[in-house]
Structures are given as structure tokens and as C-alpha cells.
Amino acid sequence: MLQTLRDQGFDVLTRNHAEAILAFDFPEELAELVAALTAFRISLAELVGGGGGESRQTQRLRHALSATGWAKHSFNVRTVVDGRGREAISHEVDHVRFGPTGTLALEIEWNNKDPFFDRDLENFQRLHALSAISLGIVVTRGASMQEAFFPRIAAWMNQQGLNSEADLDRLNITERTRAQRASVATRMARGMSFAEAFARTFVTSKFGPASTHWSKLEDRVARGVGNPCPLLLIGLPDSLLTDQPLEDPGALDLFSLDD
């Protein structure tokens with residue numbers, strides 16, 4: 001199953017025997033996850049129109065996972081010492097899959113500040129130490145997607161004939177700060193086309209090096225963050241980006257996206 005993801009360009013990294021655990025104890029649950037990820041697409045129109053945040057494209061993935069049982073769950077931990085309970089601690093995970101042989105926990109980090117990776121991995125570590133989960137999974141932007149944002153967005157804008165700020169208003173792309181407008185103007189003064197200047201400014205401000213993406217996740221795992229919890233890390237590839245509009249699943253109000 002994981003080879004299917006690798007063959008389709010996904011970044012896949014496992015730690016602490018995670019691949020063996022998934023293959024032998026969670027084949028059906030892994031099949032659900034792989035099916036949701038390989039069917040997932042990200043519309044460039046929604047990406048740019050939504051300002052880069054987690055909007056309809058990522059909600060579609062959340063909806064697909066939730067529909068197969070990967071639902072949000074809070075693990076409540078209460079310590080009792082000599083019969084006296086201490087304050088309970090809650091660990092909320094966006095997608096938890098309870099199976100007959102154990103429990104999988106999954107977080108999607110589409111575009112947060114990169115310290116959120118530390119939060120997720122350390123949360124998995126604590127839950128695994130308590131035998132609350134068997135394995136932790138993180139899904140984020142892959143290396144190829146991160147590299148493809150600028151050329152793909154610039155090409156899409158040229159295809160749409162977006163050559164000025166007025167053209168952006170036509171597509172309801174309104175989330176632009178004064179500093180971003182100034183950056184576009186500066187880049188154009190240096191010889192860039194409007195599409196190139198906007199794409200470069202957009203990608204730099206929304207998907208910069210300090211946000212959650214594959215290389216930042218790799219760095220954490222290389223330092224041992226999350227050990228010894230078994231981990232599956234997945235990076236979404238550029239092949240999921242599409243120039244075509246996508247249908248609304250009709251469930252945009254079902255998820256709380258506040259991380």
C-alpha cells in the first residue's frame with residue numbers, strides 16, 4: 001500500500017517499524033488512507049482564492065477520511081495517586097481510526113507554523129507511551145509540491161489571463177495586504193510579469209520556509225522528535241495540483257479547522 005503512494009510521487013517515511021505494523025495489523029485502515037490520498041486533488045483556483053490557508057481543498061481530504069471512520073477524537077488522561085485524582089489532560093487529534101488491533105492517530109499539517117510538527121509528534125509520543133495509540137501519522141505538503149507552487153501558480157494565472165490587480169478582483173481573490181501589493185509592484189518594476197510577481201509574492205508569504213512542509217518534518221524526525229512512537233510521514237506531491245475546478249462536497253461546515 002505504501003509503495004502505491006511512493007509510485008505516485010508521495011514522500012513516504014516510516015520510523016520505528018511503522019511499515020511492518022501497518023502491513024500486518026492495519027491493512028484495511030491503511031487501504032482507506034491510501035485511497036483517500038490518491039483520490040485527493042488541490043485546485044489552484046481554490047488555493048489562490050483562499051489565500052493559501054486550509055480551505056475547501058483540505059476540507060475535502062478531511063471529509064473523505066471522516067467518512068471512513070477517521071474522526072476527530074480527544075484522549076482524556078487522568079492520573080490517580082493514592083486514590084486522589086489529579087487534573088485531567090486532554091490530547092485532541094484531528095483524525096483517529098479505531099481498529100480491532102489498535103488505534104491510529106493522524107494529523108494534517110497543510111499550512112501551519114512549523115513548530116506544530118513538534119506538537120503533533122510529541123503528542124503521539126505521549127499517547128503511544130500510554131498505549132492509547134499504536135502509531136502516529138502526519139500528512140503535509142511534499143517536497144515536489146513545495147517546489148512546484150511558483151511555476152504552477154504563475155502558469156495558471158497566465159492561462160486565466162490574470163494580468164493586473166483588477167483581474168484578481170474578477171476571480172474574488174481579495175486576500176491581499178498592502179505589503180503584498182507593494183511586493184508585487186516592486187517585482188514588476190524589476191521586469192517580472194504580473195503573474196510571476198504575484199505568484200512569487202504569494203508563495204513566499206503563504207508557503208515560506210517556516211511553514212509546515214516536508215523538509216521541516218524530516219528535520220524533526222531526524223532529531224528524534226516523537227521517538228519511540230512508530231511514525232508514518234506522508235508528503236503530498238505536486239501531481240495533486242490541478243488547473244480544473246473541483247466540486248464542493250457539501251460538507252464545508254463539518255470541521256473545525258482551528259489548530
# chains A, B, ... in the order shown; residues from 1 in each chain; ligands from 1
>>> select_by_dssp(residues="segment 9-211 of chain A", states="alpha helix (DSSP H)", output="ChimeraX atom specification")
/A:18-25,27-39,44-49,56-67,115-129,143-159,165-170,178-189,194-206
>>> residues_around(residues="Cys229 of chain A", least_positions_apart="4", cutoff="12 Å", atoms="only C-alpha atoms", output="PyMOL selection string")
chain A and resi 14-18+21+104-105+120-137+221+224-225
>>> residues_around(residues="His95 of chain A", least_positions_apart="4", cutoff="10 Å", atoms="only C-alpha atoms", output="list in words")
Arg62, Leu65, Ser66, Gly69, Trp70, Ala71, Lys72, His73, Ser74, Leu104, Ala105, Leu106, Glu107, Ile108 and Ile137 of chain A
>>> write_last_selection(atoms="all heavy atoms", output="compact mmCIF listing (two decimals), in the first residue's frame")
# COMPACT_ATOMS: atom_id res chain seq x y z
N ARG A 62 -10.23 15.94 4.59
CA ARG A 62 -10.74 15.66 5.92
C ARG A 62 -12.10 14.94 5.83
O ARG A 62 -12.37 14.00 6.59
CB ARG A 62 -10.89 16.96 6.71
CG ARG A 62 -9.56 17.63 7.05
CD ARG A 62 -9.76 18.65 8.16
NE ARG A 62 -8.53 19.36 8.48
CZ ARG A 62 -7.54 18.87 9.23
NH1 ARG A 62 -7.64 17.65 9.70
NH2 ARG A 62 -6.47 19.59 9.48
N LEU A 65 -11.63 11.27 4.82
CA LEU A 65 -11.15 10.46 5.93
C LEU A 65 -12.24 10.24 6.97
O LEU A 65 -12.43 9.12 7.47
CB LEU A 65 -9.94 11.14 6.58
CG LEU A 65 -8.65 11.14 5.75
CD1 LEU A 65 -7.60 12.04 6.40
CD2 LEU A 65 -8.10 9.73 5.58
N SER A 66 -12.97 11.30 7.30
CA SER A 66 -14.02 11.18 8.29
C SER A 66 -15.10 10.19 7.85
O SER A 66 -15.63 9.44 8.67
CB SER A 66 -14.65 12.55 8.56
OG SER A 66 -15.66 12.47 9.54
N GLY A 69 -14.31 6.68 8.85
CA GLY A 69 -14.08 6.38 10.26
C GLY A 69 -12.90 7.07 10.91
O GLY A 69 -12.64 6.84 12.11
N TRP A 70 -12.17 7.92 10.15
CA TRP A 70 -11.03 8.64 10.72
C TRP A 70 -11.56 9.97 11.30
O TRP A 70 -11.43 11.02 10.68
CB TRP A 70 -9.98 8.92 9.66
CG TRP A 70 -9.33 7.69 9.10
CD1 TRP A 70 -9.87 6.77 8.26
CD2 TRP A 70 -7.98 7.26 9.34
NE1 TRP A 70 -8.96 5.80 7.95
CE2 TRP A 70 -7.79 6.06 8.60
CE3 TRP A 70 -6.92 7.76 10.10
CZ2 TRP A 70 -6.57 5.38 8.61
CZ3 TRP A 70 -5.72 7.07 10.11
CH2 TRP A 70 -5.55 5.90 9.37
N ALA A 71 -12.14 9.93 12.48
CA ALA A 71 -12.82 11.08 13.05
C ALA A 71 -11.98 11.78 14.11
O ALA A 71 -11.04 11.20 14.67
CB ALA A 71 -14.15 10.64 13.65
N LYS A 72 -12.35 13.03 14.40
CA LYS A 72 -11.67 13.77 15.47
C LYS A 72 -11.97 13.10 16.81
O LYS A 72 -13.09 12.63 17.06
CB LYS A 72 -12.13 15.22 15.49
CG LYS A 72 -11.50 16.07 16.58
CD LYS A 72 -11.89 17.52 16.46
CE LYS A 72 -11.17 18.17 15.30
NZ LYS A 72 -11.35 19.65 15.29
N HIS A 73 -10.96 13.09 17.68
CA HIS A 73 -11.14 12.44 18.97
C HIS A 73 -10.25 13.11 20.01
O HIS A 73 -9.12 13.52 19.73
CB HIS A 73 -10.78 10.95 18.88
CG HIS A 73 -10.97 10.20 20.16
ND1 HIS A 73 -12.21 9.83 20.63
CD2 HIS A 73 -10.06 9.76 21.09
CE1 HIS A 73 -12.07 9.19 21.77
NE2 HIS A 73 -10.78 9.13 22.09
N SER A 74 -10.76 13.20 21.23
CA SER A 74 -9.97 13.71 22.36
C SER A 74 -9.67 12.57 23.32
O SER A 74 -10.60 11.90 23.79
CB SER A 74 -10.74 14.82 23.09
OG SER A 74 -10.81 15.99 22.30
N LEU A 104 -4.95 4.19 15.31
CA LEU A 104 -4.08 5.05 14.52
C LEU A 104 -4.49 6.51 14.74
O LEU A 104 -5.69 6.83 14.78
CB LEU A 104 -4.19 4.71 13.04
CG LEU A 104 -3.88 3.27 12.64
CD1 LEU A 104 -4.10 3.08 11.14
CD2 LEU A 104 -2.45 2.90 13.01
N ALA A 105 -3.50 7.39 14.87
CA ALA A 105 -3.75 8.82 15.04
C ALA A 105 -3.11 9.58 13.89
O ALA A 105 -1.96 9.30 13.53
CB ALA A 105 -3.19 9.31 16.37
N LEU A 106 -3.84 10.51 13.30
CA LEU A 106 -3.36 11.23 12.11
C LEU A 106 -3.61 12.72 12.23
O LEU A 106 -4.70 13.15 12.63
CB LEU A 106 -4.05 10.68 10.86
CG LEU A 106 -3.65 11.26 9.50
CD1 LEU A 106 -3.80 10.20 8.40
CD2 LEU A 106 -4.48 12.49 9.12
N GLU A 107 -2.61 13.50 11.87
CA GLU A 107 -2.75 14.96 11.80
C GLU A 107 -2.40 15.43 10.39
O GLU A 107 -1.43 14.93 9.79
CB GLU A 107 -1.82 15.65 12.80
CG GLU A 107 -2.15 15.40 14.26
CD GLU A 107 -3.34 16.20 14.78
OE1 GLU A 107 -4.03 16.86 13.96
OE2 GLU A 107 -3.57 16.14 15.99
N ILE A 108 -3.19 16.36 9.86
CA ILE A 108 -2.89 17.01 8.58
C ILE A 108 -2.33 18.39 8.89
O ILE A 108 -3.01 19.22 9.51
CB ILE A 108 -4.14 17.12 7.70
CG1 ILE A 108 -4.71 15.74 7.38
CG2 ILE A 108 -3.80 17.87 6.40
CD1 ILE A 108 -6.05 15.79 6.65
N ILE A 137 0.55 9.33 12.47
CA ILE A 137 0.69 9.66 11.05
C ILE A 137 0.60 11.18 10.88
O ILE A 137 -0.29 11.82 11.46
CB ILE A 137 -0.42 8.99 10.21
CG1 ILE A 137 -0.43 7.48 10.43
CG2 ILE A 137 -0.25 9.33 8.72
CD1 ILE A 137 -1.66 6.79 9.87
>>> closest_residue(among="A:Arg200, A:His63, A:His213, A:Arg223", to="Phe150 of chain A", atoms="only C-alpha atoms")
A:Arg200
>>> atom_distance(atom1="atom CA of Glu147 of chain A", atom2="atom CA of Asp238 of chain A")
8.2 Å
>>> closest_residue(among="A:Gln180, A:Gln146, A:Ser193, A:Thr186", to="Leu162 of chain A", atoms="only C-alpha atoms")
A:Ser193
>>> atom_distance(atom1="atom CA of Phe75 of chain A", atom2="atom CA of His91 of chain A")
5.0 Å
>>> select_by_dssp(residues="segment 114-255 of chain A", states="strand (DSSP E or B)", output="list in words")
Leu135, Gly136, Ile137, Val138, Val139, Thr140, Arg141, Ser211, His213, Leu231, Leu232, Leu233, Ile234, Gly235, Leu236, Leu241 and Thr242 of chain A
>>> residues_around(residues="Ser144 of chain A", least_positions_apart="6", cutoff="12 Å", atoms="only C-alpha atoms", output="JSON, numbers by chain")
{"A": [8, 9, 10, 11, 150, 151, 152, 213, 214, 215, 235, 236, 237, 238, 239, 240, 241]}
>>> atom_distance(atom1="atom CA of Ala195 of chain A", atom2="atom CA of Met157 of chain A")
5.7 Å
>>> closest_residue(among="A:Ala39, A:Ala31, A:Leu168, A:Val184", to="Thr204 of chain A", atoms="only C-alpha atoms")
A:Val184
>>> residues_around(residues="Ser183 of chain A", least_positions_apart="3", cutoff="10 Å", atoms="only C-alpha atoms", output="ChimeraX atom specification")
/A:177-180,186-189,197-198,200-202
>>> write_last_selection(atoms="all heavy atoms", output="tab-separated table (two decimals), in the first residue's frame")
chain	number	residue	atom	x	y	z
A	177	THR	N	-2.65	41.90	1.34
A	177	THR	CA	-2.30	43.00	2.22
A	177	THR	C	-1.60	44.11	1.43
A	177	THR	O	-1.18	43.91	0.28
A	177	THR	CB	-1.36	42.53	3.34
A	177	THR	OG1	-0.11	42.13	2.75
A	177	THR	CG2	-1.96	41.34	4.08
A	178	ARG	N	-1.46	45.24	2.07
A	178	ARG	CA	-0.76	46.36	1.43
A	178	ARG	C	0.67	45.98	1.12
A	178	ARG	O	1.21	46.30	0.05
A	178	ARG	CB	-0.80	47.58	2.34
A	178	ARG	CG	-0.09	48.81	1.76
A	178	ARG	CD	-0.20	49.99	2.72
A	178	ARG	NE	-1.58	50.36	2.95
A	178	ARG	CZ	-1.95	51.34	3.79
A	178	ARG	NH1	-1.03	52.01	4.48
A	178	ARG	NH2	-3.22	51.62	3.95
A	179	ALA	N	1.32	45.25	2.05
A	179	ALA	CA	2.71	44.83	1.83
A	179	ALA	C	2.82	43.87	0.65
A	179	ALA	O	3.78	43.95	-0.13
A	179	ALA	CB	3.25	44.17	3.10
A	180	GLN	N	1.85	42.99	0.49
A	180	GLN	CA	1.87	42.06	-0.63
A	180	GLN	C	1.67	42.79	-1.96
A	180	GLN	O	2.34	42.49	-2.96
A	180	GLN	CB	0.79	40.99	-0.44
A	180	GLN	CG	1.11	40.02	0.68
A	180	GLN	CD	-0.08	39.17	1.09
A	180	GLN	OE1	-1.21	39.45	0.71
A	180	GLN	NE2	0.19	38.13	1.87
A	186	THR	N	6.92	46.01	-6.76
A	186	THR	CA	8.38	46.06	-6.79
A	186	THR	C	8.95	45.03	-7.76
A	186	THR	O	9.87	45.31	-8.53
A	186	THR	CB	8.95	45.83	-5.38
A	186	THR	OG1	8.49	46.86	-4.51
A	186	THR	CG2	10.47	45.83	-5.40
A	187	ARG	N	8.42	43.82	-7.71
A	187	ARG	CA	8.89	42.76	-8.61
A	187	ARG	C	8.60	43.10	-10.07
A	187	ARG	O	9.42	42.82	-10.96
A	187	ARG	CB	8.24	41.43	-8.23
A	187	ARG	CG	8.65	40.91	-6.86
A	187	ARG	CD	7.91	39.61	-6.52
A	187	ARG	NE	8.07	39.21	-5.14
A	187	ARG	CZ	9.09	38.52	-4.65
A	187	ARG	NH1	10.05	38.12	-5.46
A	187	ARG	NH2	9.15	38.20	-3.37
A	188	MET	N	7.44	43.69	-10.32
A	188	MET	CA	7.12	44.08	-11.70
A	188	MET	C	8.06	45.18	-12.19
A	188	MET	O	8.45	45.18	-13.36
A	188	MET	CB	5.66	44.54	-11.77
A	188	MET	CG	4.64	43.42	-11.57
A	188	MET	SD	2.93	44.01	-11.65
A	188	MET	CE	2.84	44.48	-13.40
A	189	ALA	N	8.44	46.08	-11.29
A	189	ALA	CA	9.37	47.15	-11.65
A	189	ALA	C	10.74	46.58	-12.03
A	189	ALA	O	11.50	47.22	-12.77
A	189	ALA	CB	9.50	48.14	-10.51
A	197	ALA	N	5.12	37.96	-10.68
A	197	ALA	CA	5.30	38.76	-9.46
A	197	ALA	C	4.30	38.37	-8.39
A	197	ALA	O	4.65	38.21	-7.21
A	197	ALA	CB	5.18	40.25	-9.79
A	198	PHE	N	3.04	38.17	-8.80
A	198	PHE	CA	2.03	37.78	-7.83
A	198	PHE	C	2.32	36.38	-7.28
A	198	PHE	O	2.25	36.14	-6.08
A	198	PHE	CB	0.64	37.79	-8.46
A	198	PHE	CG	-0.44	37.32	-7.52
A	198	PHE	CD1	-1.06	38.22	-6.67
A	198	PHE	CD2	-0.80	35.99	-7.47
A	198	PHE	CE1	-2.04	37.79	-5.78
A	198	PHE	CE2	-1.77	35.54	-6.59
A	198	PHE	CZ	-2.40	36.45	-5.74
A	200	ARG	N	5.16	34.73	-7.09
A	200	ARG	CA	6.33	34.72	-6.22
A	200	ARG	C	5.98	35.31	-4.86
A	200	ARG	O	6.37	34.75	-3.82
A	200	ARG	CB	7.46	35.52	-6.87
A	200	ARG	CG	8.75	35.52	-6.08
A	200	ARG	CD	9.39	34.13	-6.05
A	200	ARG	NE	9.98	33.76	-7.33
A	200	ARG	CZ	10.48	32.58	-7.61
A	200	ARG	NH1	10.46	31.63	-6.68
A	200	ARG	NH2	10.98	32.30	-8.79
A	201	THR	N	5.27	36.43	-4.84
A	201	THR	CA	4.89	37.05	-3.58
A	201	THR	C	3.95	36.15	-2.79
A	201	THR	O	4.10	35.97	-1.58
A	201	THR	CB	4.21	38.41	-3.84
A	201	THR	OG1	5.15	39.29	-4.47
A	201	THR	CG2	3.73	39.04	-2.54
A	202	PHE	N	2.99	35.56	-3.48
A	202	PHE	CA	2.01	34.69	-2.83
A	202	PHE	C	2.68	33.48	-2.18
A	202	PHE	O	2.44	33.17	-1.01
A	202	PHE	CB	0.98	34.23	-3.87
A	202	PHE	CG	-0.05	33.29	-3.32
A	202	PHE	CD1	-1.15	33.77	-2.62
A	202	PHE	CD2	0.06	31.92	-3.51
A	202	PHE	CE1	-2.11	32.90	-2.11
A	202	PHE	CE2	-0.88	31.05	-3.00
A	202	PHE	CZ	-1.97	31.54	-2.30
>>> residues_around(residues="Thr79 of chain A", least_positions_apart="3", cutoff="9 Å", atoms="only C-alpha atoms", output="VMD selection string")
chain A and resid 84 to 89
